[in-house]
Structures are given as C-alpha cells and as structure tokens.
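Undergrad: I'd like to ask some things about the structure below.
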Amino acid sequence: MNILSIQSHVAYGHVGNASAVFPMQRLGHEVWAINTVQFSNHTGYGAWRGPVFPADAIREVVAGVEERGVLPVCDGVLSGYMGDASIGEAILDAVERVKQANPSALYCCDPVIGDVGRGVFVRPGIPEFIRDRAMPAADVATPNQFELEHLTGVAVGGLGAAKIAASALRAIGPKVVLVTSLQTPETPDGVMELLAVDGEGAWRVRTPLLPVSVNGAGDAIAALFFVHWLTTRSAAEAMSKAASSVYGLLKATAEAGSREILTVAAQDEFVRPSRVFVAEPI
C-alpha cells in the first residue's frame, strides 16, 4: 500500500515519523513521510534543536506530491502529534485531497493529547481541535486511555466503561477505535491491556508490563495497527499483530537497557513477532 504519514520527526532516536515510517516500510508498504518538525531528538531529553514547520510548508509538500499524480493510489493518511491547530488544519486538508483523488482511502488519527500521570502536554486548542475537527474526519483512531477519557468525557473505571467510551468516540466519527495503555482496577498486576472496538464487536489483548519507559511506542503501534487493519479489515487481527510486534520491540529495548526504542535493531519483530498475543472477544 501507499501511506501518507504526517507527523513530527527526530534525527536521533525514534518518535513520530522516525518511529512510524520504518515499521510500515518493513512490512512492504510505501510511505510518503511529511515532517511537521525536524528536531535533533525528542523533547523528553529536556533540550533539543531544530525547526517547527508552518502549516503552509505542510500544504506545499502535499501539493508537490499531488502534482506527481499519485494521490489516486494513496491508500491511507496517518497523523500523530500536531503541534498546533494550524498544522491540524493542514493535515485535514491533505486528507480531503487524498479522499477526493481516491474515495476508498482512509484516515487514521492518533489523537496525541496527553497521558495518565502527565496530563495534557500539547498546546492549548489542540485537544479541542482533535475532538471537534479531527475525530469527525477520522476513520480510525488510536487514543491511549487518558486521551479516550479526555475526548469523550467518559471515566474509564473498568473494561465495561472503556467499551462505552470507545463506542462514544465511534459516535463522533471513527469506525474503528484502538485504545492503548489501558489499565483499570480490573487489570491484573503486571499486565497492560489494549482494546479494539468496531461495528462488529470488541476485543482485548493483554501483554506483560515491561520495565521500560521510552518514547515512540505509541507512534509505532498506531502505524502498525492502521496498516494491518487496512490489509485485513479485522480490528482483532490488526490489534493482535500490532501488540505482538510492539511487545517484542519493547522487550528488546528493555533487555538492552536503551533509552531509545530499538526500532531498527529489533525490526524482525514487525514481520515475525517472537511472541504472539491473540485478541479475545469481550
């Protein structure tokens, strides 16, 4: 497939496009990457260098790709961290151009807003833009638990509440919702859960909780879930494959004691996960 991925980028390490593009390529897909920022490293280090590109620069690159006459063969658009609402508008413009050229193309929005323990970490206006503009335009959404609660106003106090919240998000726009980093009072110790909900049902995957804290895993799992879902049209299968690959990737990262996710060194996990976690219907 051909995927247009509009996200941040770092030279050192793997977050944004630097985390999402290679896994999709390793699975055999062409990825047209448009970077919203070009940073030396992710901001978790506390210091970084590089520019943030204005929305017009994003539109300019999209226009150049369009002039190559290839948008009719673009299968999907993937977006992650937006930076500000103007970047979000440029992304939605790109989605509209792609869908005009190929009505069967789909849009996956990873609604990066914040996380449990950290709260909202994006600029003011971004959460509202994602809720009011991006989610209605999305076909697939991949929020973490915090973002799911923030977008829907539904407190996730258990698996049943998580299903209700995912259904509430589906009512806004996306047909398919993958919830990552799900931990409720019902979650067993030492386990991380993922939940996928579509029009046919809901499924859960449980993986062991690993002693690792790195940036970029969410970007990778959103990309993997999207391309696996585009290929299979099965939320359960896409979640199983994405969760298995990212677990293997994080396990290798933890064993190496690396601060950066080992996207390249553990690349076989994308095509042949060393451990497979099967989705169970709930």
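In the structure tokens, chains take letters A, B, ... by order of appearance, with residues numbered from 1 within each chain and ligands from 1 in the order shown.
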Step one, run DSSP on the backbone; step two, keep only residues of segment 32-138 of chain A assigned to helix (DSSP H, G or I); then write them as a PyMOL selection string.
TA: chain A and resi 43-45+55-67+71-73+85-101+126-137
Undergrad: Please provide as a ChimeraX atom specification all residues within 8 Å of segment 139-141 of chain A, with the sequence filter that same-chain residues fewer than 6 positions apart are discarded (counting only C-alpha atoms).
TA: /A:106-111,173-178,226
Undergrad: What is the atom CA of Trp32 of chain A-atom CA of Thr263 of chain A distance in Å, reported with one decimal?
TA: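 It comes out at 18.5 Å.
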Undergrad: Which residues are close to Met239 of chain A, i.e. within 9 Å by only C-alpha atoms, leaving aside same-chain residues fewer than 2 positions away? Reply as a compact mmCIF listing (two decimals) with N, CA and C atoms, in the first residue's frame.
TA:
# COMPACT_ATOMS: atom_id res chain seq x y z
N LEU A 178 -8.84 1.90 18.53
CA LEU A 178 -7.88 1.11 19.29
C LEU A 178 -7.48 1.92 20.52
N LEU A 194 -4.89 -3.72 25.74
CA LEU A 194 -5.32 -2.94 24.59
C LEU A 194 -6.74 -3.37 24.26
N LEU A 195 -7.52 -2.43 23.77
CA LEU A 195 -8.92 -2.68 23.45
C LEU A 195 -9.19 -2.17 22.04
N ALA A 196 -9.84 -2.99 21.22
CA ALA A 196 -10.26 -2.58 19.88
C ALA A 196 -11.77 -2.72 19.79
N TRP A 203 -12.69 -6.37 21.33
CA TRP A 203 -11.68 -7.38 21.60
C TRP A 203 -10.61 -6.79 22.52
N ARG A 204 -9.97 -7.68 23.28
CA ARG A 204 -8.92 -7.27 24.20
C ARG A 204 -7.67 -8.09 23.96
N VAL A 205 -6.52 -7.44 24.13
CA VAL A 205 -5.23 -8.12 24.14
C VAL A 205 -4.53 -7.74 25.44
N ILE A 221 2.76 1.71 17.32
CA ILE A 221 1.59 0.84 17.38
C ILE A 221 0.44 1.41 16.56
N LEU A 224 1.33 0.50 12.92
CA LEU A 224 1.18 -0.94 12.68
C LEU A 224 -0.29 -1.34 12.67
N PHE A 225 -1.06 -0.83 13.62
CA PHE A 225 -2.48 -1.17 13.65
C PHE A 225 -3.17 -0.70 12.38
N HIS A 228 -2.12 -2.88 9.31
CA HIS A 228 -2.68 -4.23 9.44
C HIS A 228 -4.20 -4.21 9.27
N TRP A 229 -4.84 -3.15 9.76
CA TRP A 229 -6.29 -3.06 9.59
C TRP A 229 -6.64 -2.82 8.12
N SER A 234 -9.77 -6.38 9.84
CA SER A 234 -10.13 -7.05 11.09
C SER A 234 -9.47 -6.29 12.24
N ALA A 235 -10.29 -5.66 13.09
CA ALA A 235 -9.73 -4.93 14.22
C ALA A 235 -9.01 -5.88 15.18
N ALA A 236 -9.57 -7.08 15.36
CA ALA A 236 -8.96 -8.05 16.27
C ALA A 236 -7.60 -8.50 15.75
N GLU A 237 -7.52 -8.83 14.47
CA GLU A 237 -6.26 -9.30 13.91
C GLU A 237 -5.23 -8.18 13.87
N LYS A 241 -1.62 -8.33 15.87
CA LYS A 241 -0.33 -8.20 15.18
C LYS A 241 0.45 -6.99 15.69
N ALA A 242 -0.24 -5.87 15.85
CA ALA A 242 0.45 -4.66 16.32
C ALA A 242 0.95 -4.83 17.74
N ALA A 243 0.12 -5.39 18.61
CA ALA A 243 0.52 -5.57 20.01
C ALA A 243 1.69 -6.54 20.14
N SER A 244 1.66 -7.60 19.34
CA SER A 244 2.74 -8.59 19.40
C SER A 244 4.06 -7.97 18.95
N VAL A 278 -2.97 -13.20 21.15
CA VAL A 278 -4.22 -13.33 20.40
C VAL A 278 -5.29 -12.47 21.05
N ALA A 279 -6.04 -11.75 20.23
CA ALA A 279 -7.15 -10.94 20.73
C ALA A 279 -8.32 -11.83 21.12
Undergrad: Tell me which of A:Asn2, A:Gln38, A:Thr253, A:Thr180 sits closest to Ala222 of chain A, counting only C-alpha atoms.
TA: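 Of the candidates, the smallest distance to Ala222 of chain A is held by A:Thr180.
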Undergrad: Kindly indicate which residue among A:Val179, A:Val98, A:Leu262, A:Leu27 lies nearest to Ala217 of chain A, using only C-alpha atoms for the distances.
TA: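 The answer is A:Leu262, which sits nearest to Ala217 of chain A.
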Undergrad: DSSP on the backbone, then: every residue of segment 192-230 of chain A marked strand (DSSP E), written as a list in words.
TA: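 Written out, the strand (DSSP E) residues of segment 192-230 of chain A are Met192, Glu193, Leu194, Leu195, Ala196, Val197, Asp198, Gly201, Ala202, Trp203, Arg204, Val205, Arg206, Thr207 and Pro208 of chain A.
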Undergrad: What separation in Å, quoted to one decimal, exists between atom CA of Gly119 of chain A and atom CA of Ala162 of chain A?
TA: 18.4 Å
